[in-house]
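To be precise, the following lines are run10.txt, and they hold compact mmCIF, C-alpha atoms and all ligand atoms.
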# COMPACT_ATOMS: atom_id res chain seq x y z
CA MET A 228 41.96 -23.60 -109.02
CA ASN A 229 44.09 -24.91 -111.85
CA ASN A 230 47.13 -27.08 -111.28
CA ASP A 231 49.96 -24.84 -112.38
CA TYR A 232 51.29 -21.80 -110.51
CA ASP A 233 54.44 -19.71 -110.43
CA ILE A 234 54.59 -19.79 -106.64
CA ILE A 235 52.91 -21.91 -103.96
CA VAL A 236 52.94 -20.52 -100.42
CA VAL A 237 52.41 -23.15 -97.71
CA GLY A 238 50.69 -21.60 -94.66
CA ALA A 239 48.47 -18.52 -94.30
CA GLY A 240 49.98 -17.02 -91.15
CA PRO A 241 51.33 -13.45 -91.21
CA ALA A 242 54.52 -14.52 -93.01
CA GLY A 243 52.75 -16.63 -95.65
CA SER A 244 50.00 -14.14 -96.50
CA THR A 245 52.53 -11.31 -96.73
CA ALA A 246 54.83 -13.39 -98.96
CA ALA A 247 51.86 -14.18 -101.22
CA ARG A 248 50.75 -10.55 -101.29
CA TYR A 249 54.12 -9.24 -102.45
CA ALA A 250 54.74 -12.12 -104.84
CA ALA A 251 51.36 -11.51 -106.51
CA ALA A 252 51.95 -7.74 -106.56
CA GLY A 253 55.27 -8.49 -108.29
CA GLY A 254 53.40 -10.17 -111.15
CA ALA A 255 53.54 -13.87 -110.19
CA LYS A 256 50.65 -16.33 -110.23
CA VAL A 257 50.36 -17.33 -106.59
CA LEU A 258 48.47 -19.95 -104.58
CA ILE A 259 48.30 -20.12 -100.77
CA LEU A 260 47.51 -23.49 -99.19
CA GLU A 261 46.41 -23.43 -95.54
CA LYS A 262 45.78 -26.61 -93.59
CA ASP A 263 43.23 -25.18 -91.16
CA ARG A 264 39.64 -24.57 -92.11
CA ASP A 265 39.82 -20.87 -91.18
CA VAL A 266 42.67 -18.44 -91.78
CA GLY A 267 43.72 -16.95 -88.42
CA TYR A 268 42.32 -19.71 -86.21
CA PRO A 269 43.37 -21.25 -83.86
CA VAL A 270 45.40 -18.36 -82.36
CA ARG A 271 48.64 -19.30 -80.61
CA CYS A 272 50.01 -15.87 -79.80
CA GLY A 273 50.19 -13.09 -77.19
CA GLU A 274 49.19 -10.76 -80.07
CA ALA A 275 51.34 -7.74 -79.12
CA VAL A 276 52.92 -5.64 -81.89
CA SER A 277 54.29 -2.14 -82.34
CA HIS A 278 52.48 0.55 -84.34
CA GLU A 279 55.74 1.21 -86.16
CA GLY A 280 55.91 -2.42 -87.30
CA ILE A 281 52.29 -2.70 -88.38
CA VAL A 282 52.05 0.47 -90.46
CA GLN A 283 54.70 -0.82 -92.83
CA PHE A 284 52.05 -3.25 -94.07
CA ILE A 285 48.53 -2.22 -93.12
CA THR A 286 46.61 0.76 -91.75
CA PRO A 287 45.60 0.11 -88.12
CA ASP A 288 41.89 -0.71 -87.92
CA PRO A 289 39.80 -0.92 -84.71
CA LYS A 290 38.20 -4.12 -85.96
CA TRP A 291 41.42 -6.06 -85.32
CA ILE A 292 42.81 -4.02 -82.42
CA ALA A 293 41.75 -5.22 -78.98
CA SER A 294 43.80 -2.61 -77.06
CA THR A 295 46.13 0.27 -77.78
CA VAL A 296 49.06 0.40 -75.35
CA THR A 297 51.40 3.26 -74.44
CA LYS A 298 53.21 1.99 -71.32
CA PHE A 299 54.70 -1.18 -69.96
CA ARG A 300 55.13 -2.34 -66.40
CA LEU A 301 58.18 -4.35 -65.37
CA VAL A 302 57.58 -6.29 -62.17
CA ALA A 303 60.81 -7.38 -60.47
CA PRO A 304 61.14 -10.68 -58.57
CA ASN A 305 60.72 -8.82 -55.25
CA GLY A 306 57.34 -7.47 -56.42
CA LYS A 307 58.48 -3.86 -56.94
CA SER A 308 57.59 -2.43 -60.32
CA VAL A 309 58.31 0.42 -62.73
CA LEU A 310 56.01 1.79 -65.39
CA PRO A 311 58.05 3.22 -68.27
CA LYS A 312 56.58 4.68 -71.45
CA LEU A 313 56.84 2.67 -74.65
CA ASP A 314 59.00 4.29 -77.32
CA GLY A 315 55.90 4.54 -79.50
CA THR A 316 52.43 3.03 -79.44
CA GLY A 317 51.68 -0.67 -79.40
CA TYR A 318 48.64 -2.83 -80.06
CA VAL A 319 47.23 -6.06 -78.76
CA LEU A 320 45.62 -7.59 -81.82
CA GLU A 321 42.66 -9.82 -82.53
CA ARG A 322 44.80 -12.13 -84.65
CA ARG A 323 41.82 -14.13 -85.74
CA ILE A 324 40.69 -11.05 -87.69
CA PHE A 325 44.13 -9.60 -88.39
CA ASP A 326 45.44 -12.75 -90.13
CA TYR A 327 42.24 -12.88 -92.15
CA GLU A 328 42.79 -9.28 -93.30
CA LEU A 329 46.35 -10.11 -94.36
CA ALA A 330 45.05 -12.99 -96.47
CA LYS A 331 42.51 -10.61 -98.01
CA LEU A 332 45.33 -8.22 -98.95
CA ALA A 333 47.06 -11.12 -100.72
CA ALA A 334 43.82 -12.05 -102.49
CA ASN A 335 43.34 -8.42 -103.56
CA GLU A 336 46.69 -8.62 -105.33
CA GLY A 337 45.46 -11.72 -107.17
CA ALA A 338 46.70 -14.59 -104.98
CA GLU A 339 44.37 -17.58 -104.68
CA VAL A 340 43.75 -19.00 -101.20
CA ILE A 341 42.60 -22.52 -100.38
CA THR A 342 41.89 -23.55 -96.79
CA LYS A 343 41.59 -27.10 -95.43
CA ALA A 344 44.50 -27.83 -97.77
CA TYR A 345 47.24 -29.78 -96.01
CA VAL A 346 50.56 -30.05 -97.84
CA TYR A 347 51.95 -33.47 -96.96
CA ASP A 348 54.85 -33.75 -99.41
CA LEU A 349 56.80 -32.08 -102.19
CA LEU A 350 56.20 -33.16 -105.76
CA ARG A 351 59.38 -34.23 -107.54
CA GLU A 352 60.26 -35.08 -111.14
CA ASN A 353 63.72 -36.34 -112.08
CA GLY A 354 64.93 -35.36 -108.61
CA LYS A 355 63.68 -31.76 -109.01
CA ILE A 356 60.96 -30.17 -106.88
CA VAL A 357 58.13 -29.21 -109.22
CA GLY A 358 55.24 -28.61 -106.83
CA VAL A 359 53.43 -30.01 -103.79
CA LYS A 360 51.24 -32.94 -102.85
CA THR A 361 48.25 -31.82 -100.89
CA LEU A 362 45.07 -33.09 -99.30
CA ILE A 363 42.36 -30.61 -100.22
CA LYS A 364 39.16 -31.27 -98.33
CA ASP A 365 40.48 -34.82 -97.87
CA LYS A 366 41.15 -35.34 -101.60
CA LYS A 367 44.75 -35.98 -102.73
CA THR A 368 45.83 -33.38 -105.32
CA GLU A 369 49.16 -32.58 -106.98
CA ILE A 370 49.83 -28.93 -107.81
CA ARG A 371 52.80 -27.66 -109.78
CA ALA A 372 54.80 -24.49 -109.17
CA ALA A 373 58.24 -23.13 -110.06
CA VAL A 374 58.91 -21.82 -106.52
CA ILE A 375 57.69 -23.05 -103.13
CA ILE A 376 57.58 -20.69 -100.15
CA ALA A 377 57.42 -22.58 -96.85
CA ALA A 378 55.58 -20.37 -94.33
CA ASP A 379 54.39 -23.31 -92.25
CA GLY A 380 55.37 -21.99 -88.82
CA VAL A 381 57.54 -23.23 -86.00
CA GLU A 382 56.84 -26.90 -86.66
CA SER A 383 57.80 -26.45 -90.33
CA ARG A 384 58.15 -29.67 -92.30
CA ILE A 385 58.29 -28.30 -95.82
CA GLY A 386 61.79 -26.84 -95.42
CA LYS A 387 63.01 -30.20 -94.08
CA MET A 388 61.42 -32.03 -97.02
CA ALA A 389 63.43 -29.75 -99.33
CA GLY A 390 66.64 -30.69 -97.49
CA ILE A 391 66.98 -27.61 -95.26
CA ASP A 392 67.84 -28.38 -91.65
CA THR A 393 65.30 -26.23 -89.76
CA THR A 394 65.86 -27.81 -86.35
CA CYS A 395 66.04 -25.19 -83.61
CA HIS A 396 68.59 -26.02 -80.92
CA ILE A 397 66.81 -26.95 -77.71
CA ARG A 398 68.70 -24.22 -75.84
CA ASP A 399 67.03 -21.59 -78.09
CA MET A 400 63.51 -22.98 -77.98
CA GLU A 401 61.17 -21.26 -75.55
CA SER A 402 58.32 -23.33 -74.20
CA CYS A 403 55.22 -21.12 -73.90
CA ALA A 404 51.78 -21.40 -72.35
CA GLN A 405 49.01 -18.85 -72.44
CA MET A 406 45.46 -18.38 -71.19
CA THR A 407 43.01 -15.74 -72.31
CA LEU A 408 41.33 -14.69 -69.07
CA SER A 409 38.14 -12.71 -68.73
CA GLY A 410 36.30 -11.18 -65.80
CA ILE A 411 39.54 -9.61 -64.50
CA ASP A 412 40.62 -6.01 -64.04
CA VAL A 413 43.48 -4.89 -66.28
CA GLU A 414 44.83 -1.52 -67.34
CA GLU A 415 43.86 -1.28 -70.96
CA ASP A 416 46.92 0.72 -72.07
CA VAL A 417 49.66 -1.18 -70.18
CA LEU A 418 51.65 -4.27 -71.17
CA GLU A 419 52.86 -6.08 -68.06
CA PHE A 420 56.00 -8.19 -67.76
CA TYR A 421 56.82 -10.24 -64.65
CA LEU A 422 60.39 -11.43 -64.16
CA GLY A 423 62.10 -13.83 -61.79
CA ASP A 424 63.06 -17.42 -61.15
CA SER A 425 59.88 -18.32 -59.33
CA ILE A 426 57.67 -16.84 -62.09
CA SER A 427 59.35 -17.84 -65.35
CA PRO A 428 63.03 -18.85 -65.11
CA GLY A 429 65.10 -17.53 -68.01
CA GLY A 430 62.04 -15.96 -69.63
CA TYR A 431 59.16 -13.69 -68.67
CA LEU A 432 55.46 -13.75 -67.95
CA TRP A 433 53.20 -11.34 -69.82
CA VAL A 434 49.77 -9.82 -69.22
CA PHE A 435 48.58 -8.22 -72.47
CA PRO A 436 45.22 -6.45 -72.16
CA LYS A 437 42.36 -7.09 -74.54
CA GLY A 438 39.98 -4.40 -73.36
CA LYS A 439 39.36 -3.57 -69.68
CA HIS A 440 38.40 -7.00 -68.38
CA THR A 441 40.22 -9.51 -70.58
CA ALA A 442 43.91 -10.29 -71.14
CA ASN A 443 46.28 -12.76 -72.69
CA VAL A 444 48.27 -14.05 -69.72
CA GLY A 445 51.16 -16.22 -70.75
CA LEU A 446 54.78 -17.08 -70.19
CA GLY A 447 57.79 -18.46 -71.95
CA LEU A 448 60.71 -20.29 -70.38
CA SER A 449 63.62 -22.28 -71.66
CA VAL A 450 62.88 -25.86 -72.64
CA GLU A 451 65.59 -26.90 -70.12
CA ALA A 452 63.70 -25.17 -67.28
CA ALA A 453 60.40 -26.59 -68.52
CA LYS A 454 61.78 -30.12 -68.06
CA LYS A 455 61.77 -29.53 -64.29
CA LYS A 456 58.41 -27.78 -64.19
CA SER A 457 56.20 -27.17 -67.19
CA ALA A 458 55.24 -23.74 -68.54
CA ILE A 459 51.57 -24.47 -67.93
CA LYS A 460 52.28 -25.30 -64.25
CA TYR A 461 54.14 -22.01 -63.70
CA LEU A 462 51.28 -20.19 -65.43
CA GLN A 463 48.55 -21.93 -63.46
CA GLU A 464 50.28 -21.03 -60.18
CA PHE A 465 50.49 -17.37 -61.20
CA VAL A 466 46.86 -17.27 -62.32
CA ASP A 467 45.63 -18.97 -59.12
CA ARG A 468 47.48 -16.33 -57.10
CA LYS A 469 46.71 -13.24 -59.12
CA TYR A 470 43.37 -13.93 -60.84
CA PRO A 471 41.65 -16.63 -58.76
CA ASN A 472 38.16 -15.76 -60.05
CA ALA A 473 39.02 -15.39 -63.73
CA ALA A 474 37.09 -17.15 -66.47
CA MET A 475 39.47 -18.93 -68.84
CA LEU A 476 38.38 -18.44 -72.47
CA THR A 477 41.27 -20.20 -74.17
CA GLN A 478 44.38 -22.12 -73.20
CA ILE A 479 47.23 -22.83 -75.57
CA ALA A 480 50.80 -24.06 -75.56
CA GLY A 481 53.46 -23.61 -78.20
CA GLY A 482 57.13 -23.12 -78.94
CA VAL A 483 58.97 -19.99 -80.03
CA PRO A 484 62.37 -20.29 -81.77
CA CYS A 485 64.34 -17.52 -79.96
CA ALA A 486 67.34 -18.17 -82.16
CA LYS A 487 69.36 -16.54 -84.90
CA THR A 488 67.89 -16.90 -88.38
CA ASN A 489 68.17 -20.45 -89.68
CA PRO A 490 71.63 -20.78 -91.33
CA GLU A 491 69.98 -21.77 -94.64
CA ILE A 492 66.73 -20.16 -95.85
CA VAL A 493 67.00 -20.86 -99.60
CA LYS A 494 67.60 -24.21 -101.27
CA GLY A 495 67.10 -24.59 -105.00
CA ASN A 496 63.59 -23.37 -105.71
CA VAL A 497 62.37 -23.50 -102.08
CA ILE A 498 62.59 -20.65 -99.57
CA ILE A 499 61.45 -20.53 -95.94
CA VAL A 500 59.94 -17.47 -94.20
CA GLY A 501 58.63 -16.50 -90.75
CA ASP A 502 58.85 -18.88 -87.78
CA ALA A 503 59.86 -21.67 -90.17
CA ALA A 504 63.06 -19.65 -90.84
CA HIS A 505 63.42 -18.61 -87.14
CA GLN A 506 62.78 -14.98 -88.11
CA VAL A 507 61.82 -14.13 -84.54
CA ASN A 508 63.25 -11.42 -82.26
CA PRO A 509 65.33 -13.63 -79.93
CA VAL A 510 64.89 -11.30 -76.92
CA SER A 511 61.14 -10.71 -76.99
CA GLY A 512 60.03 -13.81 -78.89
CA GLY A 513 57.94 -11.51 -81.12
CA GLY A 514 57.67 -12.91 -84.62
CA ILE A 515 54.62 -11.31 -86.24
CA ILE A 516 56.28 -8.24 -87.75
CA SER A 517 59.66 -9.83 -88.42
CA GLY A 518 57.90 -12.79 -90.09
CA MET A 519 55.99 -10.33 -92.27
CA ILE A 520 59.23 -8.59 -93.21
CA GLY A 521 60.76 -11.97 -94.10
CA GLY A 522 57.61 -12.82 -96.06
CA MET A 523 57.68 -9.53 -97.95
CA ILE A 524 61.33 -9.90 -98.94
CA GLY A 525 60.83 -13.56 -99.84
CA GLY A 526 57.70 -12.87 -101.90
CA GLN A 527 59.28 -9.97 -103.79
CA THR A 528 62.44 -11.92 -104.56
CA ALA A 529 60.47 -14.98 -105.67
CA ALA A 530 58.39 -12.87 -108.09
CA GLU A 531 61.58 -11.33 -109.51
CA SER A 532 63.01 -14.83 -110.05
CA ILE A 533 59.88 -15.89 -111.89
CA LEU A 534 59.79 -12.83 -114.10
CA SER A 535 63.50 -13.00 -114.93
CA GLY A 536 63.44 -16.78 -115.37
CA ASP A 537 66.50 -17.01 -113.11
CA ILE A 538 65.94 -19.32 -110.15
CA ASN A 539 69.41 -18.56 -108.76
CA HIS A 540 68.13 -15.04 -108.09
CA LEU A 541 66.32 -16.55 -105.05
CA GLN A 542 69.67 -16.40 -103.23
CA GLU A 543 69.12 -12.61 -103.03
CA TYR A 544 66.38 -13.28 -100.45
CA GLU A 545 68.97 -14.49 -97.94
CA LYS A 546 71.21 -11.44 -98.52
CA ARG A 547 68.32 -8.95 -98.37
CA TRP A 548 66.90 -10.51 -95.19
CA HIS A 549 70.25 -10.33 -93.39
CA LYS A 550 70.78 -6.74 -94.51
CA ARG A 551 67.31 -5.70 -93.37
CA LEU A 552 66.82 -7.57 -90.06
CA GLY A 553 68.92 -10.73 -89.78
CA TRP A 554 72.00 -8.79 -88.57
CA ARG A 555 69.94 -7.18 -85.81
CA HIS A 556 68.61 -10.55 -84.68
CA GLU A 557 72.24 -11.68 -84.25
CA ILE A 558 72.84 -8.80 -81.84
CA PHE A 559 69.55 -9.46 -80.04
CA TYR A 560 70.57 -13.09 -79.71
CA ASN A 561 73.72 -12.08 -77.81
CA ILE A 562 71.67 -9.71 -75.65
CA LYS A 563 69.29 -12.57 -74.86
CA ASP A 564 72.24 -14.69 -73.73
CA ALA A 565 73.47 -11.94 -71.41
CA ILE A 566 70.05 -11.21 -69.92
CA ALA A 567 69.26 -14.90 -69.39
CA GLY A 568 72.21 -14.98 -66.97
CA PHE A 569 70.75 -12.21 -64.76
CA HIS A 570 69.88 -13.42 -61.28
CA ASP A 571 66.88 -12.20 -59.35
CA ASP A 572 69.17 -9.83 -57.38
CA THR A 573 70.31 -8.13 -60.60
CA LEU A 574 66.72 -7.74 -61.79
CA ASN A 575 65.73 -6.27 -58.40
CA ASP A 576 68.68 -3.85 -58.64
CA ILE A 577 67.63 -2.74 -62.14
CA CYS A 578 64.13 -2.05 -60.86
CA ASN A 579 65.44 -0.13 -57.83
CA SER A 580 67.66 2.02 -60.10
CA ALA A 581 64.73 2.67 -62.43
CA LEU A 582 62.66 3.95 -59.54
CA THR A 583 65.25 6.71 -59.00
CA ILE A 584 64.68 8.05 -62.55
CA PRO A 585 62.05 10.80 -62.89
CA GLU A 586 58.86 9.25 -64.25
CA GLU A 587 58.87 11.17 -67.54
CA LYS A 588 62.39 9.87 -68.31
CA ARG A 589 61.62 6.18 -67.63
CA THR A 590 62.23 4.59 -71.01
CA LEU A 591 63.87 1.20 -71.52
CA GLY A 592 67.14 2.83 -72.61
CA GLY A 593 67.08 5.18 -69.60
CA ILE A 594 66.50 2.30 -67.20
CA PHE A 595 69.45 0.29 -68.49
CA ARG A 596 71.77 3.31 -68.50
CA THR A 597 70.91 4.07 -64.87
CA ALA A 598 71.22 0.41 -63.89
CA LEU A 599 74.71 0.28 -65.43
CA TRP A 600 75.67 3.44 -63.56
CA ASN A 601 74.45 2.02 -60.25
CA LYS A 602 75.82 -1.46 -60.80
CA PRO A 603 78.99 -1.22 -62.93
CA SER A 604 79.51 -5.02 -62.75
CA MET A 605 76.65 -5.31 -65.23
CA ILE A 606 78.96 -3.71 -67.80
CA LEU A 607 80.66 -7.10 -68.03
CA ASP A 608 77.39 -8.71 -69.13
CA VAL A 609 76.78 -5.96 -71.66
CA ALA A 610 80.35 -6.19 -72.93
CA LYS A 611 79.81 -9.91 -73.57
CA VAL A 612 77.04 -8.97 -76.01
CA PHE A 613 79.40 -6.99 -78.19
CA VAL A 614 82.43 -9.23 -77.86
CA SER A 615 80.59 -12.39 -78.89
C1 LIG B 1 52.37 -18.39 -76.80
C2 LIG B 1 52.93 -17.50 -77.88
C3 LIG B 1 52.84 -16.13 -77.73
C4 LIG B 1 53.35 -15.28 -78.74
N1 LIG B 1 53.20 -13.94 -78.59
C5 LIG B 1 53.64 -13.10 -79.57
C6 LIG B 1 53.42 -11.68 -79.48
O1 LIG B 1 52.82 -11.18 -78.52
N2 LIG B 1 53.89 -10.89 -80.49
C7 LIG B 1 54.55 -11.42 -81.58
O2 LIG B 1 54.97 -10.65 -82.46
N3 LIG B 1 54.75 -12.76 -81.69
C8 LIG B 1 54.30 -13.60 -80.73
N4 LIG B 1 54.46 -14.96 -80.87
C9 LIG B 1 55.13 -15.47 -82.07
C10 LIG B 1 54.16 -15.41 -83.28
O3 LIG B 1 52.95 -16.03 -82.95
C11 LIG B 1 54.80 -16.08 -84.47
O4 LIG B 1 56.12 -15.59 -84.62
C12 LIG B 1 54.02 -15.81 -85.77
O5 LIG B 1 52.72 -16.34 -85.70
C13 LIG B 1 54.77 -16.44 -86.95
O6 LIG B 1 54.04 -16.29 -88.13
P1 LIG B 1 54.22 -17.37 -89.30
O7 LIG B 1 53.33 -16.90 -90.40
O8 LIG B 1 55.65 -17.63 -89.56
O9 LIG B 1 53.66 -18.76 -88.70
P2 LIG B 1 52.22 -19.14 -88.16
O10 LIG B 1 51.48 -17.95 -87.67
O11 LIG B 1 52.45 -20.26 -87.21
O12 LIG B 1 51.46 -19.68 -89.45
C14 LIG B 1 51.82 -20.90 -90.06
C15 LIG B 1 50.60 -21.39 -90.84
O13 LIG B 1 50.97 -22.52 -91.62
C16 LIG B 1 49.94 -23.47 -91.58
N5 LIG B 1 50.53 -24.78 -91.91
C17 LIG B 1 51.48 -25.46 -91.19
N6 LIG B 1 51.82 -26.61 -91.82
C18 LIG B 1 51.08 -26.65 -92.97
C19 LIG B 1 50.97 -27.61 -94.03
N7 LIG B 1 51.75 -28.72 -94.04
N8 LIG B 1 50.10 -27.37 -95.04
C20 LIG B 1 49.34 -26.23 -95.03
N9 LIG B 1 49.39 -25.29 -94.04
C21 LIG B 1 50.25 -25.50 -93.03
C22 LIG B 1 49.42 -23.36 -90.15
O14 LIG B 1 48.10 -23.90 -90.02
C23 LIG B 1 49.47 -21.86 -89.92
O15 LIG B 1 48.28 -21.22 -90.29
C24 LIG B 1 53.97 -15.83 -79.89
C25 LIG B 1 54.06 -17.23 -80.03
C26 LIG B 1 53.53 -18.06 -79.05
C27 LIG B 1 53.61 -19.55 -79.22
What would the structure in this file look like if it were written as structure tokens?
Amino acid sequence: MNNDYDIIVVGAGPAGSTAARYAAAGGAKVLILEKDRDVGYPVRCGEAVSHEGIVQFITPDPKWIASTVTKFRLVAPNGKSVLPKLDGTGYVLERRIFDYELAKLAANEGAEVITKAYVYDLLRENGKIVGVKTLIKDKKTEIRAAVIIAADGVESRIGKMAGIDTTCHIRDMESCAQMTLSGIDVEEDVLEFYLGDSISPGGYLWVFPKGKHTANVGLGLSVEAAKKKSAIKYLQEFVDRKYPNAAMLTQIAGGVPCAKTNPEIVKGNVIIVGDAAHQVNPVSGGGIISGMIGGMIGGQTAAESILSGDINHLQEYEKRWHKRLGWRHEIFYNIKDAIAGFHDDTLNDICNSALTIPEEKRTLGGIFRTALWNKPSMILDVAKVFVS
């Protein structure tokens, strides 16, 4: 390592490694600093992604795919369920290996990676940000760079240090808990979603298979609901009921910013990507692929700024992100608002309508069309999405 780079990326999650990969491919001298000892560990994720999303960046490889899924089961509050087909194929990943592979792709493009490197402050000279202050293997080190990419996840501090308000409104923060359970029977090709006030108010509970006998079982609920009863308590009750003999391999808790993109994602020579920028699908809470898309656009734009010598060019990142995905997240955000207001009765009605559709036509779109037909009052909720 030397002490002068074009771009420093803070955090080696999917967003950070992808930003570094595309910045290095664009001709910049790039360094990734990751606070944990190992890239990809600990895992705080349900690990589900779509094939369509993944292949934009990497060829699917069995070594980081725990299960390939083709269907999903929606379980209504009254216990009835439907099993529609997914629009394409999905995967449940081994993120521990997947994240590692993404970092390798960045390294293959020439990015340097240092782990056990905690960035604790920004380095400033004459009021300008000129690099970062970091603890590398417990030794304080100052490293200079023209651009800083903050990919430091949901608890991001780097953006704040640069003067960007990255606070996620409490109403948009989902409180999540997850256990990886083994010794249970699961359908290897089915993602399961449980809905209802007694299971996960305002959110959903997931069972994502990792092979035939292991699954990530987790749930997310609004922080408001979690004040009355915690996510882990809801989860424990479900697990005690459904998988009383399971062996628990891991247990984690974490937050997901189910919000619109942060209003500001560029400030001077600092940009934020991934969870740090709230680049998460507000309906599903999925942020792996969208974070990688944010990282790619951020990395490419940062390299262009370096090569052209024009730091103001970084502003293009914000425009490109909104054109590519940010606008869709705004629509999803309104959809989330409408769905969050559904009562158990509405969810039961949707499930009942879905059961009237021939099995081969049960797709998500088909289910909602039939539900609207059977319960026209739902049109008001859908209309709200487009009006707001
Ligand atoms: C319970 C749960 C389940 C989820 N399930 C799914 C799912 O099924 N599918 C999906 O698509 N998404 C899911 N998500 C969301 C997904 O995990 C995130 O959107 C995704 O990991 C974001 O990637 P990222 O690179 O922005 O951040 P992260 O993956 O959080 O990476 C940030 C990295 O920055 C490092 N870092 C932080 N601060 C510093 C610092 N100061 N110095 C150096 N390094 C630092 C961290 O150690 C970390 O490695 C889930 C989230 C949770 C909490």
Would you tabulate, counting all atoms listed in the file, all residues of chain A that have an atom at most 7 Å from an atom of ligand LIG 1 (chain B), showing the closest pair of atoms and their distance in Å to one decimal, sorted by chain then ascending number, as a Markdown table?
| residue | atom | partner | partner_atom | distance |
| --- | --- | --- | --- | --- |
| A:Val237 | CA | B:LIG1 | C20 | 5.1 |
| A:Gly238 | CA | B:LIG1 | O13 | 3.2 |
| A:Ala239 | CA | B:LIG1 | O15 | 4.8 |
| A:Gly240 | CA | B:LIG1 | O7 | 3.4 |
| A:Pro241 | CA | B:LIG1 | O7 | 4.1 |
| A:Ala242 | CA | B:LIG1 | O7 | 3.7 |
| A:Gly243 | CA | B:LIG1 | O7 | 5.3 |
| A:Leu260 | CA | B:LIG1 | C20 | 5.3 |
| A:Glu261 | CA | B:LIG1 | N9 | 3.8 |
| A:Lys262 | CA | B:LIG1 | C20 | 3.9 |
| A:Asp263 | CA | B:LIG1 | O14 | 5.2 |
| A:Val266 | CA | B:LIG1 | O15 | 6.4 |
| A:Gly267 | CA | B:LIG1 | O15 | 6.5 |
| A:Arg271 | CA | B:LIG1 | C27 | 5.2 |
| A:Cys272 | CA | B:LIG1 | C3 | 3.5 |
| A:Gly273 | CA | B:LIG1 | N1 | 3.4 |
| A:Glu274 | CA | B:LIG1 | O1 | 4.0 |
| A:Ala275 | CA | B:LIG1 | O1 | 3.8 |
| A:Val276 | CA | B:LIG1 | O2 | 5.4 |
| A:Ala344 | CA | B:LIG1 | C20 | 5.8 |
| A:Tyr345 | CA | B:LIG1 | N8 | 3.9 |
| A:Val346 | CA | B:LIG1 | N8 | 3.9 |
| A:Tyr347 | CA | B:LIG1 | N7 | 5.6 |
| A:Ala378 | CA | B:LIG1 | O8 | 5.5 |
| A:Asp379 | CA | B:LIG1 | O13 | 3.6 |
| A:Gly380 | CA | B:LIG1 | O9 | 3.7 |
| A:Val381 | CA | B:LIG1 | O11 | 6.0 |
| A:Ser383 | CA | B:LIG1 | N6 | 6.2 |
| A:Arg384 | CA | B:LIG1 | N7 | 6.7 |
| A:Ile385 | CA | B:LIG1 | N7 | 6.8 |
| A:Cys403 | CA | B:LIG1 | C1 | 4.9 |
| A:Ala404 | CA | B:LIG1 | C1 | 5.4 |
| A:Gln405 | CA | B:LIG1 | C1 | 5.5 |
| A:Gly445 | CA | B:LIG1 | C1 | 6.5 |
| A:Ile479 | CA | B:LIG1 | C1 | 6.9 |
| A:Ala480 | CA | B:LIG1 | C1 | 6.0 |
| A:Gly481 | CA | B:LIG1 | C27 | 4.2 |
| A:Gly482 | CA | B:LIG1 | C27 | 5.0 |
| A:Val483 | CA | B:LIG1 | C27 | 5.4 |
| A:Val500 | CA | B:LIG1 | O8 | 6.3 |
| A:Gly501 | CA | B:LIG1 | O8 | 3.4 |
| A:Asp502 | CA | B:LIG1 | O8 | 3.9 |
| A:Ala503 | CA | B:LIG1 | O8 | 5.9 |
| A:Val507 | CA | B:LIG1 | O4 | 5.9 |
| A:Gly512 | CA | B:LIG1 | C8 | 6.0 |
| A:Gly513 | CA | B:LIG1 | O2 | 3.4 |
| A:Gly514 | CA | B:LIG1 | O4 | 3.1 |
| A:Ile515 | CA | B:LIG1 | O2 | 3.9 |
| A:Ile516 | CA | B:LIG1 | O2 | 6.0 |
| A:Gly518 | CA | B:LIG1 | O8 | 5.4 |
Separating atom CA of Asn229 of chain A from atom CA of Gly358 of chain A, to the nearest tenth of an Å, is a gap of 12.8 Å
Q.
Report, in Å to a single decimal, how far apart atom CA of Asp416 of chain A and atom CA of Asp288 of chain A are.
A.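 These two atoms are separated by 16.7 Å.
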If you take every atom of segment 432-441 of chain A that the file lists and fit an axis-aligned box around them with 4 Å extra on each side, what centre and edge lengths come out in Å to one decimal, as JSON?
{"center_x": 46.9, "center_y": -8.7, "center_z": -71.2, "size_x": 25.1, "size_y": 18.2, "size_z": 14.6}
inquiry  = I need the residue nearest Thr573 of chain A from this list: A:Asp424, A:Glu531, A:Asp537, A:Glu586. Use all atoms listed in the file for the distance.
reply    =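 Distance minimum relative to Thr573 of chain A lands on A:Asp424.
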Using only C-alpha atoms, the shortest atom-to-atom distance to Gly447 of chain A among A:Gln478, A:Ser402, A:Ser277, A:Thr488 belongs to A:Ser402
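Among the candidates A:Gly253, A:Gly423, A:Gly386, A:Pro509, the one nearest to Asp399 of chain A when counting all atoms listed in the file is A:Pro509.
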Between atom CA of Pro436 of chain A and atom CA of Gly521 of chain A lies a distance of 27.4 Å
Write out as a CSV table (one decimal) with C-alpha atoms, in the frame of the given file the residues lying within 8 Å of segment 539-555 of chain A, counting all atoms listed in the file and excluding same-chain residues fewer than 4 positions away.
chain,number,residue,atom,x,y,z
A,487,LYS,CA,69.4,-16.5,-84.9
A,488,THR,CA,67.9,-16.9,-88.4
A,492,ILE,CA,66.7,-20.2,-95.8
A,493,VAL,CA,67.0,-20.9,-99.6
A,495,GLY,CA,67.1,-24.6,-105.0
A,496,ASN,CA,63.6,-23.4,-105.7
A,498,ILE,CA,62.6,-20.6,-99.6
A,506,GLN,CA,62.8,-15.0,-88.1
A,517,SER,CA,59.7,-9.8,-88.4
A,521,GLY,CA,60.8,-12.0,-94.1
A,524,ILE,CA,61.3,-9.9,-98.9
A,525,GLY,CA,60.8,-13.6,-99.8
A,528,THR,CA,62.4,-11.9,-104.6
A,529,ALA,CA,60.5,-15.0,-105.7
A,531,GLU,CA,61.6,-11.3,-109.5
A,532,SER,CA,63.0,-14.8,-110.0
A,559,PHE,CA,69.6,-9.5,-80.0
